[in-house]
Structure formats: C-alpha cells, structure tokens
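What follows is input-v3.cif (mmCIF, C-alpha atoms).
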data_final
#
loop_
_atom_site.label_atom_id
_atom_site.label_comp_id
_atom_site.auth_asym_id
_atom_site.auth_seq_id
_atom_site.Cartn_x
_atom_site.Cartn_y
_atom_site.Cartn_z
CA MET K 31 165.41 12.84 -255.36
CA GLU K 32 168.58 10.99 -256.37
CA PRO K 33 171.75 11.21 -254.27
CA GLY K 34 173.84 14.24 -255.08
CA GLU K 35 171.11 15.79 -257.25
CA GLY K 36 170.40 19.50 -257.20
CA PRO K 37 172.61 22.59 -257.33
CA GLY K 38 173.28 22.64 -253.60
CA ALA K 39 173.81 18.98 -252.83
CA LEU K 40 174.66 18.32 -249.20
CA ASP K 41 178.14 19.72 -248.58
CA LEU K 42 179.77 18.40 -245.45
CA HIS K 43 183.16 20.06 -245.95
CA GLY K 44 184.21 22.83 -243.62
CA ASP K 45 183.81 23.61 -239.97
CA GLU K 46 181.04 24.01 -237.44
CA GLU K 47 179.25 26.45 -239.78
CA ILE K 48 178.53 23.38 -241.87
CA ILE K 49 174.79 23.41 -241.35
CA GLU K 50 174.46 26.78 -243.07
CA VAL K 51 175.64 25.35 -246.40
CA VAL K 52 173.44 22.29 -246.37
CA GLU K 53 170.95 23.11 -249.12
CA LEU K 54 169.27 20.31 -250.97
CA GLY K 55 166.17 21.97 -252.32
CA PRO K 56 163.25 20.50 -250.40
CA PRO K 57 161.61 17.55 -252.14
CA GLY K 58 157.85 17.47 -252.19
CA PRO K 59 156.01 14.93 -250.08
CA ASP K 60 155.15 13.03 -253.26
CA ASP K 61 158.82 12.68 -254.20
CA LEU K 62 159.62 11.23 -250.80
CA ALA K 63 156.60 8.97 -250.88
CA GLU K 64 157.72 7.49 -254.20
CA GLU K 65 161.08 6.56 -252.68
CA MET K 66 159.54 4.70 -249.82
CA GLU K 67 158.17 1.21 -249.95
CA ASP K 68 154.82 0.46 -248.39
CA VAL K 69 155.33 -0.20 -244.72
CA ASP K 70 153.06 -2.57 -242.87
CA PHE K 71 152.33 -1.32 -239.37
CA ASP K 72 149.86 -4.04 -238.43
CA ASP K 73 152.31 -6.18 -236.47
CA GLU K 74 151.81 -4.48 -233.13
CA GLY K 75 150.52 -7.63 -231.52
CA ALA K 76 153.36 -9.78 -232.83
CA GLU K 77 155.60 -9.01 -229.87
CA GLU K 78 153.11 -10.22 -227.29
CA PRO K 79 154.45 -13.77 -226.77
CA ASP K 80 157.95 -12.33 -226.35
CA ALA K 81 156.68 -9.88 -223.77
CA GLU K 82 155.32 -12.75 -221.72
CA ALA K 83 158.59 -14.61 -222.05
CA TRP K 84 160.49 -11.56 -220.76
CA GLU K 85 158.25 -11.42 -217.70
CA SER K 86 158.76 -15.05 -216.81
CA GLU K 87 162.53 -14.65 -217.22
CA ASP K 88 162.46 -11.61 -214.99
CA ASP K 89 160.60 -13.53 -212.32
CA GLU K 90 163.13 -16.34 -212.51
CA GLY K 91 165.94 -13.80 -212.15
CA VAL K 92 164.41 -12.43 -208.97
CA GLU K 93 163.97 -15.93 -207.57
CA ASP K 94 167.59 -16.74 -208.36
CA GLY K 95 168.65 -13.76 -206.29
CA MET K 96 170.06 -11.73 -209.21
CA GLU K 97 168.46 -8.66 -207.71
CA ALA K 98 170.04 -9.05 -204.29
CA GLN K 99 173.03 -6.87 -205.20
CA ASP K 100 172.31 -3.36 -206.46
CA ASP K 101 175.32 -1.12 -206.95
CA SER K 102 173.36 1.57 -208.80
CA GLU K 103 172.82 5.15 -207.61
CA VAL K 104 169.63 5.87 -209.59
CA THR K 105 166.94 3.61 -211.09
CA PHE K 106 164.64 4.85 -213.85
CA SER K 107 161.55 2.65 -213.96
CA LEU K 108 158.92 4.34 -216.14
CA HIS K 109 159.28 1.75 -218.91
CA SER K 110 156.85 -1.18 -218.75
CA ALA K 111 158.86 -3.59 -220.93
CA SER K 112 162.45 -4.28 -221.95
CA VAL K 113 164.54 -1.11 -222.41
CA PHE K 114 166.49 -1.48 -225.65
CA CYS K 115 168.61 1.66 -226.02
CA VAL K 116 170.17 4.56 -224.15
CA SER K 117 172.21 7.65 -225.05
CA LEU K 118 173.61 10.52 -223.01
CA ASP K 119 173.46 14.12 -224.17
CA PRO K 120 176.99 14.95 -225.45
CA LYS K 121 177.14 18.56 -224.28
CA THR K 122 176.43 18.23 -220.57
CA ASN K 123 176.10 14.48 -219.96
CA THR K 124 173.25 15.30 -217.58
CA LEU K 125 170.37 13.88 -219.65
CA ALA K 126 169.63 10.37 -220.87
CA VAL K 127 167.17 9.16 -223.49
CA THR K 128 165.91 5.58 -223.33
CA GLY K 129 163.67 3.63 -225.69
CA GLY K 130 161.89 0.36 -225.11
CA GLU K 131 159.66 -2.51 -226.13
CA ASP K 132 156.69 -0.59 -224.65
CA ASP K 133 156.79 1.71 -227.76
CA LYS K 134 157.95 4.56 -225.52
CA ALA K 135 160.99 6.82 -225.26
CA PHE K 136 161.78 9.10 -222.33
CA VAL K 137 164.26 11.92 -221.76
CA TRP K 138 165.26 12.05 -218.10
CA ARG K 139 167.82 13.50 -215.71
CA VAL K 140 170.73 11.23 -214.86
CA SER K 141 171.32 12.78 -211.41
CA ASP K 142 167.96 11.76 -209.94
CA GLY K 143 165.99 9.89 -212.63
CA GLU K 144 163.52 12.79 -212.96
CA LEU K 145 161.47 12.66 -216.19
CA LEU K 146 161.95 15.67 -218.46
CA PHE K 147 159.52 14.61 -221.18
CA GLU K 148 158.15 11.62 -223.04
CA CYS K 149 158.85 11.22 -226.76
CA SER K 150 155.31 10.10 -227.51
CA GLY K 151 153.61 8.76 -230.61
CA HIS K 152 155.68 5.70 -231.51
CA LYS K 153 153.81 2.65 -232.79
CA ASP K 154 156.47 -0.03 -232.28
CA SER K 155 159.45 -0.86 -230.05
CA VAL K 156 161.81 2.11 -229.81
CA THR K 157 165.20 0.64 -230.72
CA CYS K 158 167.21 3.79 -231.57
CA ALA K 159 167.58 7.02 -229.61
CA GLY K 160 170.26 9.69 -229.51
CA PHE K 161 171.08 13.37 -229.05
CA SER K 162 172.56 15.65 -231.71
CA HIS K 163 176.22 16.66 -231.28
CA ASP K 164 175.25 19.87 -229.45
CA SER K 165 172.39 18.32 -227.43
CA VAL K 166 169.85 20.64 -229.10
CA PHE K 167 167.82 17.78 -230.59
CA VAL K 168 167.00 14.22 -229.58
CA ALA K 169 165.94 11.63 -232.16
CA THR K 170 163.96 8.46 -231.47
CA GLY K 171 163.28 5.67 -233.96
CA ASP K 172 161.05 2.60 -233.73
CA MET K 173 161.29 -0.77 -235.46
CA SER K 174 158.51 0.04 -237.91
CA GLY K 175 160.56 2.95 -239.26
CA LEU K 176 158.91 5.96 -237.61
CA ILE K 177 161.62 8.47 -236.68
CA LYS K 178 160.87 11.55 -234.59
CA VAL K 179 163.08 14.49 -233.61
CA TRP K 180 162.42 16.65 -230.56
CA ARG K 181 163.87 19.99 -229.53
CA VAL K 182 165.17 19.31 -226.04
CA ASP K 183 164.79 22.77 -224.45
CA ALA K 184 161.23 23.22 -225.77
CA LYS K 185 160.33 19.54 -225.19
CA GLU K 186 158.47 19.55 -228.48
CA GLU K 187 158.51 17.46 -231.65
CA VAL K 188 160.00 19.35 -234.60
CA TRP K 189 160.18 16.65 -237.30
CA SER K 190 159.08 13.12 -238.11
CA PHE K 191 159.44 10.74 -241.04
CA GLU K 192 158.59 7.13 -241.87
CA VAL K 193 161.02 4.81 -243.62
CA GLY K 194 161.15 1.04 -244.01
CA ASP K 195 161.91 -1.15 -240.99
CA LEU K 196 164.65 0.64 -239.06
CA GLU K 197 168.01 -1.07 -238.40
CA TRP K 198 170.11 1.76 -236.94
CA MET K 199 170.27 5.53 -236.63
CA GLU K 200 173.06 8.02 -235.93
CA TRP K 201 173.59 11.77 -235.72
CA HIS K 202 176.32 13.54 -237.68
CA PRO K 203 179.26 14.49 -235.40
CA GLN K 204 179.25 18.19 -236.37
CA ALA K 205 175.90 19.02 -237.95
CA HIS K 206 172.14 18.68 -237.47
CA VAL K 207 172.11 15.80 -239.93
CA LEU K 208 170.63 12.38 -239.18
CA LEU K 209 171.60 9.09 -240.85
CA ALA K 210 169.58 5.87 -240.68
CA GLY K 211 169.78 2.41 -242.23
CA THR K 212 166.74 0.35 -243.15
CA ALA K 213 165.81 -3.26 -243.91
CA ASP K 214 165.42 -2.54 -247.64
CA GLY K 215 169.16 -1.77 -247.90
CA ASN K 216 168.82 2.00 -248.07
CA THR K 217 170.70 4.50 -245.95
CA TRP K 218 168.80 7.75 -245.46
CA MET K 219 170.21 11.17 -244.63
CA TRP K 220 168.17 14.18 -243.51
CA LYS K 221 168.93 17.75 -242.62
CA ILE K 222 167.08 18.54 -239.38
CA PRO K 223 164.62 20.17 -238.92
CA SER K 224 164.00 21.03 -242.59
CA GLY K 225 163.89 17.36 -243.57
CA ASP K 226 165.88 17.79 -246.80
CA CYS K 227 166.66 14.22 -247.76
CA LYS K 228 169.11 11.98 -249.60
CA THR K 229 169.29 8.20 -249.96
CA PHE K 230 172.22 5.88 -250.53
CA GLN K 231 171.10 2.66 -252.19
CA GLY K 232 172.88 -0.46 -250.97
CA PRO K 233 172.22 -4.08 -251.94
CA THR K 234 168.64 -5.33 -251.61
CA CYS K 235 169.20 -6.62 -248.09
CA PRO K 236 169.17 -4.87 -244.70
CA ALA K 237 171.73 -2.17 -243.92
CA THR K 238 172.50 -3.77 -240.55
CA CYS K 239 174.95 -1.24 -239.06
CA GLY K 240 176.51 2.11 -239.87
CA ARG K 241 178.77 4.83 -238.60
CA ILE K 242 179.63 8.34 -239.80
CA LEU K 243 183.41 8.71 -239.90
CA PRO K 244 185.06 11.45 -237.79
CA ASP K 245 185.69 13.70 -240.82
CA GLY K 246 181.92 14.01 -241.20
CA LYS K 247 182.26 13.53 -244.97
CA ARG K 248 182.03 9.74 -245.19
CA ALA K 249 180.00 6.97 -243.65
CA VAL K 250 180.67 3.24 -243.41
CA VAL K 251 177.65 0.94 -243.73
CA GLY K 252 177.54 -2.84 -243.24
CA TYR K 253 174.95 -5.11 -244.84
CA GLU K 254 173.31 -8.45 -244.22
CA ASP K 255 174.98 -10.02 -247.27
CA GLY K 256 178.42 -9.53 -245.69
CA THR K 257 179.38 -6.49 -247.76
CA MET K 258 180.59 -3.14 -246.47
CA ARG K 259 180.48 0.19 -248.26
CA ILE K 260 182.16 3.50 -247.56
CA TRP K 261 179.93 6.32 -248.81
CA ASP K 262 180.79 9.88 -249.79
CA LEU K 263 178.01 11.81 -248.06
CA LYS K 264 178.36 14.90 -250.27
CA GLN K 265 178.44 13.15 -253.64
CA GLY K 266 176.14 10.29 -252.65
CA THR K 267 178.58 7.85 -254.22
CA SER K 268 180.15 4.65 -252.96
CA LEU K 269 183.91 5.18 -252.48
CA HIS K 270 184.78 1.57 -251.63
CA VAL K 271 182.90 -1.73 -251.58
CA LEU K 272 184.21 -4.74 -249.69
CA LYS K 273 182.63 -7.99 -250.81
CA GLY K 274 183.55 -11.59 -251.55
CA GLN K 275 186.80 -12.51 -249.79
CA ASP K 276 187.30 -8.90 -248.66
CA GLY K 277 183.84 -8.77 -247.14
CA HIS K 278 182.34 -11.08 -244.55
CA GLN K 279 180.71 -14.47 -245.11
CA ASP K 280 177.74 -13.58 -242.88
CA PRO K 281 175.79 -10.45 -241.92
CA LEU K 282 177.70 -7.54 -240.39
CA THR K 283 176.74 -6.79 -236.80
CA CYS K 284 178.83 -3.73 -235.96
CA VAL K 285 181.29 -1.18 -237.34
CA ALA K 286 183.66 1.26 -235.62
CA SER K 287 186.39 3.71 -236.57
CA ASN K 288 189.46 4.96 -234.76
CA GLN K 289 189.74 8.57 -233.59
CA ASP K 290 191.05 10.05 -236.84
CA GLY K 291 188.92 7.81 -239.07
CA SER K 292 191.92 6.25 -240.83
CA LEU K 293 190.97 2.75 -239.70
CA ILE K 294 187.60 1.00 -239.73
CA MET K 295 186.78 -2.26 -238.00
CA THR K 296 183.85 -4.46 -239.00
CA GLY K 297 182.35 -7.33 -237.00
CA SER K 298 180.15 -10.13 -238.26
CA VAL K 299 178.11 -13.20 -237.46
CA ASP K 300 181.01 -15.10 -239.12
CA CYS K 301 183.07 -14.39 -235.95
CA HIS K 302 185.68 -12.39 -237.82
CA ALA K 303 186.66 -8.77 -237.18
CA LYS K 304 188.27 -7.02 -240.15
CA LEU K 305 190.56 -4.01 -239.97
CA VAL K 306 190.19 -1.77 -243.04
CA ASN K 307 192.13 1.24 -244.27
CA SER K 308 189.37 3.81 -244.88
CA ALA K 309 191.36 5.75 -247.48
CA THR K 310 192.14 2.76 -249.73
CA GLY K 311 189.29 0.42 -248.76
CA LYS K 312 191.84 -2.38 -248.35
CA VAL K 313 191.64 -5.00 -245.59
CA VAL K 314 194.69 -4.55 -243.35
CA CYS K 315 194.16 -7.72 -241.32
CA VAL K 316 191.52 -10.17 -240.12
CA PHE K 317 191.11 -11.09 -236.46
CA LYS K 318 189.68 -14.59 -236.06
CA MET K 319 188.65 -16.07 -232.74
CA GLU K 320 190.45 -19.37 -232.26
CA SER K 321 188.95 -22.63 -230.93
CA VAL K 322 185.37 -21.57 -230.46
CA THR K 323 182.83 -24.28 -229.73
CA PRO K 324 179.42 -23.38 -231.16
CA LYS K 325 176.57 -23.80 -228.70
CA ALA K 326 173.82 -26.27 -229.49
CA PRO K 327 170.47 -24.96 -230.77
CA ILE K 328 168.12 -24.01 -227.97
CA SER K 329 165.03 -25.55 -229.51
CA GLU K 330 163.47 -26.67 -232.76
CA GLY K 331 162.98 -23.79 -235.17
CA GLU K 332 165.42 -21.47 -233.41
CA GLU K 333 168.79 -20.56 -234.83
CA ALA K 334 171.84 -22.24 -233.33
CA GLU K 335 173.33 -19.93 -230.74
CA SER K 336 176.76 -20.05 -232.36
CA ASN K 337 179.33 -17.37 -231.71
CA SER K 338 179.42 -13.96 -233.37
CA VAL K 339 181.04 -10.55 -232.99
CA GLU K 340 178.57 -8.35 -231.10
CA SER K 341 180.53 -5.14 -230.49
CA LEU K 342 183.92 -3.59 -231.13
CA GLY K 343 185.86 -0.37 -230.68
CA PHE K 344 189.23 1.37 -230.75
CA CYS K 345 191.24 2.69 -227.82
CA ASN K 346 192.06 6.42 -228.17
CA VAL K 347 195.33 6.41 -226.21
CA MET K 348 197.04 3.16 -227.28
CA PRO K 349 197.09 1.16 -230.54
CA LEU K 350 194.53 -1.32 -229.19
CA ALA K 351 191.12 -2.56 -230.33
CA ALA K 352 188.54 -4.58 -228.42
CA VAL K 353 186.13 -7.14 -229.83
CA GLY K 354 183.23 -8.59 -227.82
CA TYR K 355 181.79 -11.99 -228.73
CA LEU K 356 178.49 -13.70 -228.03
CA ASP K 357 180.31 -16.55 -226.27
CA GLY K 358 181.49 -14.09 -223.61
CA THR K 359 185.02 -13.51 -224.87
CA LEU K 360 186.46 -9.99 -224.77
CA ALA K 361 189.49 -9.97 -227.07
CA ILE K 362 192.03 -7.13 -226.86
CA TYR K 363 194.05 -6.89 -230.07
CA ASP K 364 197.35 -5.03 -230.52
CA LEU K 365 197.05 -3.07 -233.77
CA SER K 366 200.79 -2.44 -234.15
CA THR K 367 201.58 -6.17 -234.18
CA GLN K 368 198.10 -7.25 -235.40
CA SER K 369 198.03 -9.89 -232.67
CA LEU K 370 195.81 -10.98 -229.78
CA ARG K 371 197.00 -9.33 -226.57
CA HIS K 372 194.45 -10.53 -224.01
CA LYS K 373 191.36 -12.73 -223.76
CA CYS K 374 189.01 -11.71 -220.95
CA GLN K 375 186.32 -14.31 -220.38
CA HIS K 376 182.75 -13.56 -219.31
CA GLU K 377 180.34 -16.25 -218.15
CA SER K 378 177.73 -15.09 -220.64
CA GLY K 379 177.56 -13.23 -223.93
CA ILE K 380 178.83 -9.69 -224.37
CA VAL K 381 176.14 -7.32 -225.64
CA GLN K 382 178.20 -4.18 -226.06
CA LEU K 383 181.58 -2.68 -225.23
CA LEU K 384 182.82 0.92 -224.93
CA TRP K 385 186.26 2.43 -224.35
CA GLU K 386 186.91 5.27 -221.95
CA GLU K 387 187.72 8.41 -223.92
CA SER K 388 191.15 9.04 -222.43
CA SER K 389 192.44 5.76 -221.01
CA ALA K 390 193.02 2.11 -221.86
CA VAL K 391 189.96 0.98 -219.90
CA VAL K 392 187.21 -0.89 -221.73
CA TYR K 393 183.68 -1.43 -220.40
CA THR K 394 181.50 -4.43 -221.20
CA CYS K 395 177.86 -5.21 -220.51
CA SER K 396 176.61 -8.75 -220.81
CA LEU K 397 173.65 -11.11 -220.71
CA ASP K 398 174.32 -11.86 -217.02
CA GLY K 399 173.22 -8.33 -216.11
CA ALA K 400 176.63 -6.98 -215.06
CA VAL K 401 178.84 -4.09 -216.21
CA ARG K 402 182.57 -4.75 -216.02
CA LEU K 403 185.62 -2.52 -216.37
CA TRP K 404 188.80 -4.05 -217.81
CA ASP K 405 192.37 -2.76 -217.95
CA ALA K 406 193.32 -3.43 -221.56
CA ARG K 407 197.04 -3.23 -220.77
CA SER K 408 196.98 -6.08 -218.26
CA GLY K 409 193.79 -7.87 -219.31
CA LYS K 410 192.62 -7.78 -215.68
CA MET K 411 189.12 -6.86 -214.53
CA ILE K 412 189.12 -3.59 -212.55
CA SER K 413 185.59 -3.72 -211.17
CA GLU K 414 182.10 -5.15 -211.65
CA TYR K 415 178.70 -3.53 -211.11
CA ARG K 416 175.39 -5.31 -210.69
CA GLY K 417 171.80 -4.30 -210.08
CA HIS K 418 169.71 -5.61 -212.96
CA SER K 419 167.59 -8.75 -212.66
CA ALA K 420 167.85 -9.49 -216.41
CA GLU K 421 170.33 -9.02 -219.23
CA ILE K 422 171.75 -5.57 -220.00
CA LEU K 423 170.74 -4.57 -223.54
CA ASP K 424 172.59 -1.25 -223.96
CA PHE K 425 174.73 1.16 -221.99
CA ALA K 426 176.47 4.53 -222.20
CA VAL K 427 179.48 6.04 -220.42
CA ASN K 428 179.79 9.77 -219.72
CA LYS K 429 182.78 11.84 -220.90
CA ASP K 430 184.81 11.82 -217.69
CA ALA K 431 184.04 8.12 -217.14
CA SER K 432 182.41 8.71 -213.78
CA ILE K 433 179.01 7.19 -214.53
CA VAL K 434 177.54 4.37 -216.61
CA VAL K 435 173.87 4.28 -217.62
CA THR K 436 172.46 0.85 -218.45
CA THR K 437 169.19 -0.49 -219.86
CA SER K 438 167.85 -3.99 -219.34
CA GLY K 439 165.26 -6.64 -220.03
CA ASP K 440 164.04 -6.04 -216.46
CA HIS K 441 162.21 -2.88 -217.72
CA GLN K 442 164.65 -0.56 -215.93
CA ALA K 443 167.49 1.83 -216.66
CA LYS K 444 170.13 2.33 -213.98
CA VAL K 445 172.90 4.82 -213.26
CA PHE K 446 176.11 3.46 -211.75
CA CYS K 447 178.85 5.62 -210.28
CA VAL K 448 182.17 4.15 -211.47
CA GLN K 449 184.58 6.84 -210.29
CA ARG K 450 187.81 5.10 -209.33
CA PRO K 451 190.26 6.15 -206.58
CA ASP K 452 193.23 6.06 -208.98
CA ARG K 453 191.93 9.12 -210.89
#
Could the structure of this file be written out as structure tokens, please?
Amino acid sequence: MEPGEGPGALDLHGDEEIIEVVELGPPGPDDLAEEMEDVDFDDEGAEEPDAEAWESEDDEGVEDGMEAQDDSEVTFSLHSASVFCVSLDPKTNTLAVTGGEDDKAFVWRVSDGELLFECSGHKDSVTCAGFSHDSVFVATGDMSGLIKVWRVDAKEEVWSFEVGDLEWMEWHPQAHVLLAGTADGNTWMWKIPSGDCKTFQGPTCPATCGRILPDGKRAVVGYEDGTMRIWDLKQGTSLHVLKGQDGHQDPLTCVASNQDGSLIMTGSVDCHAKLVNSATGKVVCVFKMESVTPKAPISEGEEAESNSVESLGFCNVMPLAAVGYLDGTLAIYDLSTQSLRHKCQHESGIVQLLWEESSAVVYTCSLDGAVRLWDARSGKMISEYRGHSAEILDFAVNKDASIVVTTSGDHQAKVFCVQRPDR
C-alpha cells in the first residue's frame, strides 16, 4: 500500500481522540510481504566473537577496580550479555524495559528490580524498546527487524511484524502509532494493535535516526548519505529535504527537536550539529567543534576512531542546546546568540545526553561507565554516579529527575537515585 493511499489515510490532526480516526484499510499479508525485502536471519552466530570480547573487557574492568564504587540503589541482572537500550514507562515512571545482546527484553519494576515479564521470541540483539505514550503497550525491536508489541497489564504479545534490519523505533507522542527506520532507507508506520501500515521511502541507504515532532503530524528522519527529510505523516509526503551543503557530509547519528517542534537539530559523523527551522526546512546555523584531534585507528581493518556527534538535545527552560561528542566533549550552545557557551570535558566518549524536563541540568553517560549531571548555566559538573564495570550504553531519566536508569556492557541495568538537596 502506497503512502497516503486509501479513503481514510492516517489522520494525525486533532486531540487525544486521534486513534479513533486512524483508518487505513487493512492491507493483506501479501501486500505487506511485497513491500518487504527478503531478510536473512542466519547471522545469529556472527556476534559470538564480540560477545567474547565483551567478557574479557568486563574482566579487565573488574581487575582495574571500576566496580569498587557502586552508587546505585537497584541492580537488574537478568541479562546475560551487553544491555543496549532502556526506556521508562511515561505514565507512572515505575517500570523499565531493557533489551540486550542476549536477544532478550525484560519489563521490570524500577523500585526493586522485580521482573514483571519477559518479551520473549526475539532472534537477534534487542536494540530498541519503549512504552507507548500512555504506558498501555511496550514495543521491542531486534537488529534483524522483528518488532513485537506487548500489552503491559496483560503481559501478552498483541502484535508483531518483520521489516528489514532495524535502525531505530519510536512511539507517537499522542497515539498508539509506532514508527521505525530500517537499513533499506524506509520508515515504517503502524497503527497498533491493528497493524495498519504505511511506508515512507527515503534514499536507498539506512534511515539512521528519526524523531516524531511534538505536533504529532510530522517526523524528521536522518539518513546515512547525510540527508535529512521532514515527512508529513498524514499525506506520506516529504515536506523538506536537506542535502548537499544543507545536509551533512557523513551519516546522521541523531536528531532532536525543541519543545514546540519549531527547531530541529541534527548530528552527524562529520562532527557538525545543524539547527533547522522545521517550518521552512532552512538551516539556521551550524555548530562546528573547533580544534579536534582525530584519534588514531585502533587496528588494521577497523575504522579510525575520529570524532562524531553522538547525542544532542534542547533545554526546555532556557534557549540552550547540548551536543555530546565521541571525544568526550559536552558542548552547551546558546541558541539566542548561536554561540558556544560551555565546553565540559569527559575523559572518554559521550554515549548519550538528556536534559531534565524543567531545569537547565543536562545528564551524560559515557564510555567510562559514569553518569554525570551538569549545570548548563555555569558549565560545572553537579555530581557523578558510578557502579558499572563497563561502558554505559543507554540511560533514561524519570519525570521528576529523581532517578536515572542505566544499561551497560557489563550485562547489568542499574537505578541511581539522583535527588538533589537544592530541590
């Protein structure tokens, strides 16, 4: 089924009743099958050497005494390999879902680490996991492209689908609609649990990152060829395309939008972060990291570990944006003057950053296994939390910024209490 086809094409205008008007006319299984490329699932053993490497690194970390300090309140240790992703349920912030290299995903209680249920049946590393806006559903996706959705209260699977190799996955902010980007350049959208489906065809290269904008009507998707597209989710059309000088010179790694969706920021392997007006599709400014020394290649056949933008985000309460780099630099940019405000240096690469919802505090997690809180106004570190014996791969912060949940290459997820006395 082509994007926007059918009398009731997906209409994302309106309010919370939105899901009632989503009518696409269910495609038959044959229609969907025709849209999908053949997916090869026979690579299960390919990760084995990496798994051994992780174990030896973990052992080294323990010997080096990384594990000596543990500031965490709760440790979840049911995973048997690196834990790649974590999300908190938006409604209550009491549940976490984690996915890992062991082809498993678990939903568990943050307060005590108690397992609620396992999201079973994946055939590859679970790299994407998240709850719907109302915490009714949880979706898990593995690298091979198998996506499953579970009803949380019933602890049962309600929908599954296979696409090409999965790059990213995100829930709609107001509806039971799931978006995912794949290695063939497509972005898929499904109504859950009916499975009504639409695809947005990008260039023939991976759709490396994506984000639904706050209005719920548009999505921004970044691609491996350096281009970025803003899609109209109802019409299935591309509203703006940034390519060439407007796009990036290397693959996009991350995208973010500010609270009202008027500004988009894109990050890339080319080390640039671009600020884009989402209404016009015009680049407002480009943030470039000055005087960066690329690191030497680790070994023959491996890519040079040069710098890149790994994560970025907007502050909700001040005109500030943060960009995290692989060389360990956290850059705080002032949007009103389009200038660098602070550089906060980490000893090792930043994996991800998140802003507190209602303050100018930004959180970073890095390859040295620590979570750090930074005051974006002063550029000073507020606090640091340790407990992992390997790099942190993902983390989530709850709404009132009292806890952080982390996942790591040490096969564990941890809950840290970060409540500060000044609140």
> Given the file above and the PyMOL selection byres ((chain K and resi 359) around 10), which residues are selected, and can you give them as number ranges by chain?
Replying inline: K: 319, 322, 337, 339, 353-358, 360-362, 372-380
Would you mind exporting the chosen residues as a JSON list (two decimals), in the frame of the given file, restricted to C-alpha atoms?
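Wrote it out as again_10.json, contents follow:
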[["chain", "number", "residue", "atom", "x", "y", "z"],
["K", 319, "MET", "CA", 188.65, -16.07, -232.74],
["K", 322, "VAL", "CA", 185.37, -21.57, -230.46],
["K", 337, "ASN", "CA", 179.33, -17.37, -231.71],
["K", 339, "VAL", "CA", 181.04, -10.55, -232.99],
["K", 353, "VAL", "CA", 186.13, -7.14, -229.83],
["K", 354, "GLY", "CA", 183.23, -8.59, -227.82],
["K", 355, "TYR", "CA", 181.79, -11.99, -228.73],
["K", 356, "LEU", "CA", 178.49, -13.70, -228.03],
["K", 357, "ASP", "CA", 180.31, -16.55, -226.27],
["K", 358, "GLY", "CA", 181.49, -14.09, -223.61],
["K", 360, "LEU", "CA", 186.46, -9.99, -224.77],
["K", 361, "ALA", "CA", 189.49, -9.97, -227.07],
["K", 362, "ILE", "CA", 192.03, -7.13, -226.86],
["K", 372, "HIS", "CA", 194.45, -10.53, -224.01],
["K", 373, "LYS", "CA", 191.36, -12.73, -223.76],
["K", 374, "CYS", "CA", 189.01, -11.71, -220.95],
["K", 375, "GLN", "CA", 186.32, -14.31, -220.38],
["K", 376, "HIS", "CA", 182.75, -13.56, -219.31],
["K", 377, "GLU", "CA", 180.34, -16.25, -218.15],
["K", 378, "SER", "CA", 177.73, -15.09, -220.64],
["K", 379, "GLY", "CA", 177.56, -13.23, -223.93],
["K", 380, "ILE", "CA", 178.83, -9.69, -224.37]]
With the PyMOL selection byres ((chain K and resi 406) around 7) as the selection, what would be picked from this file? Answer as an mmCIF file with C-alpha atoms, keeping the file's coordinate frame, please.
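File produced: out.cif:
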data_model
loop_
_atom_site.group_PDB
_atom_site.id
_atom_site.type_symbol
_atom_site.label_atom_id
_atom_site.label_comp_id
_atom_site.auth_asym_id
_atom_site.auth_seq_id
_atom_site.Cartn_x
_atom_site.Cartn_y
_atom_site.Cartn_z
ATOM 1 C CA ILE K 362 192.030 -7.130 -226.860
ATOM 2 C CA ALA K 390 193.020 2.110 -221.860
ATOM 3 C CA VAL K 391 189.960 0.980 -219.900
ATOM 4 C CA VAL K 392 187.210 -0.890 -221.730
ATOM 5 C CA TRP K 404 188.800 -4.050 -217.810
ATOM 6 C CA ASP K 405 192.370 -2.760 -217.950
ATOM 7 C CA ARG K 407 197.040 -3.230 -220.770
ATOM 8 C CA SER K 408 196.980 -6.080 -218.260
ATOM 9 C CA GLY K 409 193.790 -7.870 -219.310
#
>> Since I can't run it myself right now, could you work out what the PyMOL selection byres ((chain K and resi 302-317) around 7) selects here and report it as a VMD selection string?
In response: chain K and resid 270 276 292 to 298 300 to 301 318 to 319 339
>> The residues within 8 Å of (165.8, -5.9, -217.6), using all atoms listed in the file and the coordinates of the file, should be reported as a list in words; which are they?
In response: Asp88, Ser112, Val113, Gly399, His418, Ser419, Ala420, Glu421, Ile422, Leu423, Thr437, Ser438, Gly439, Asp440, His441, Gln442 and Ala443 of chain K
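Those DNA, RNA and protein residues that approach the point (174.4, -4.6, -224.2) to within 6 Å, considering all atoms listed in the file, are Val381, Gln382, Cys395, Ser396, Ile422, Leu423 and Asp424 of chain K.
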> Nearest to Thr283 of chain K among K:Leu365, K:Ala169, K:Leu403, K:Cys239, with distances taken over only C-alpha atoms: which residue is it?
Replying inline: K:Cys239
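Note that the spacing between atom CA of Thr234 of chain K and atom CA of Asn216 of chain K amounts to 8.1 Å.
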Generate the coordinates of N, CA and C atoms for segment 392-404 of chain K; report them as a compact mmCIF listing (two decimals), in the coordinates of the input.
# COMPACT_ATOMS: atom_id res chain seq x y z
N VAL K 392 188.36 -0.53 -220.89
CA VAL K 392 187.21 -0.89 -221.73
C VAL K 392 186.10 -1.44 -220.85
N TYR K 393 184.86 -1.03 -221.15
CA TYR K 393 183.68 -1.43 -220.40
C TYR K 393 182.92 -2.47 -221.21
N THR K 394 182.37 -3.46 -220.53
CA THR K 394 181.50 -4.43 -221.20
C THR K 394 180.19 -4.56 -220.44
N CYS K 395 179.10 -4.80 -221.17
CA CYS K 395 177.86 -5.21 -220.51
C CYS K 395 177.47 -6.55 -221.13
N SER K 396 176.84 -7.39 -220.32
CA SER K 396 176.61 -8.75 -220.81
C SER K 396 175.24 -9.28 -220.41
N LEU K 397 174.96 -10.48 -220.92
CA LEU K 397 173.65 -11.11 -220.71
C LEU K 397 173.43 -11.52 -219.26
N ASP K 398 174.49 -11.52 -218.44
CA ASP K 398 174.32 -11.86 -217.02
C ASP K 398 173.93 -10.66 -216.18
N GLY K 399 173.72 -9.50 -216.82
CA GLY K 399 173.22 -8.33 -216.11
C GLY K 399 174.28 -7.50 -215.41
N ALA K 400 175.55 -7.72 -215.73
CA ALA K 400 176.63 -6.98 -215.06
C ALA K 400 177.38 -6.07 -216.03
N VAL K 401 177.91 -4.96 -215.48
CA VAL K 401 178.84 -4.09 -216.21
C VAL K 401 180.22 -4.34 -215.63
N ARG K 402 181.21 -4.51 -216.50
CA ARG K 402 182.57 -4.75 -216.02
C ARG K 402 183.55 -3.78 -216.66
N LEU K 403 184.55 -3.38 -215.89
CA LEU K 403 185.62 -2.52 -216.37
C LEU K 403 186.89 -3.35 -216.44
N TRP K 404 187.59 -3.26 -217.59
CA TRP K 404 188.80 -4.05 -217.81
C TRP K 404 189.97 -3.14 -218.15
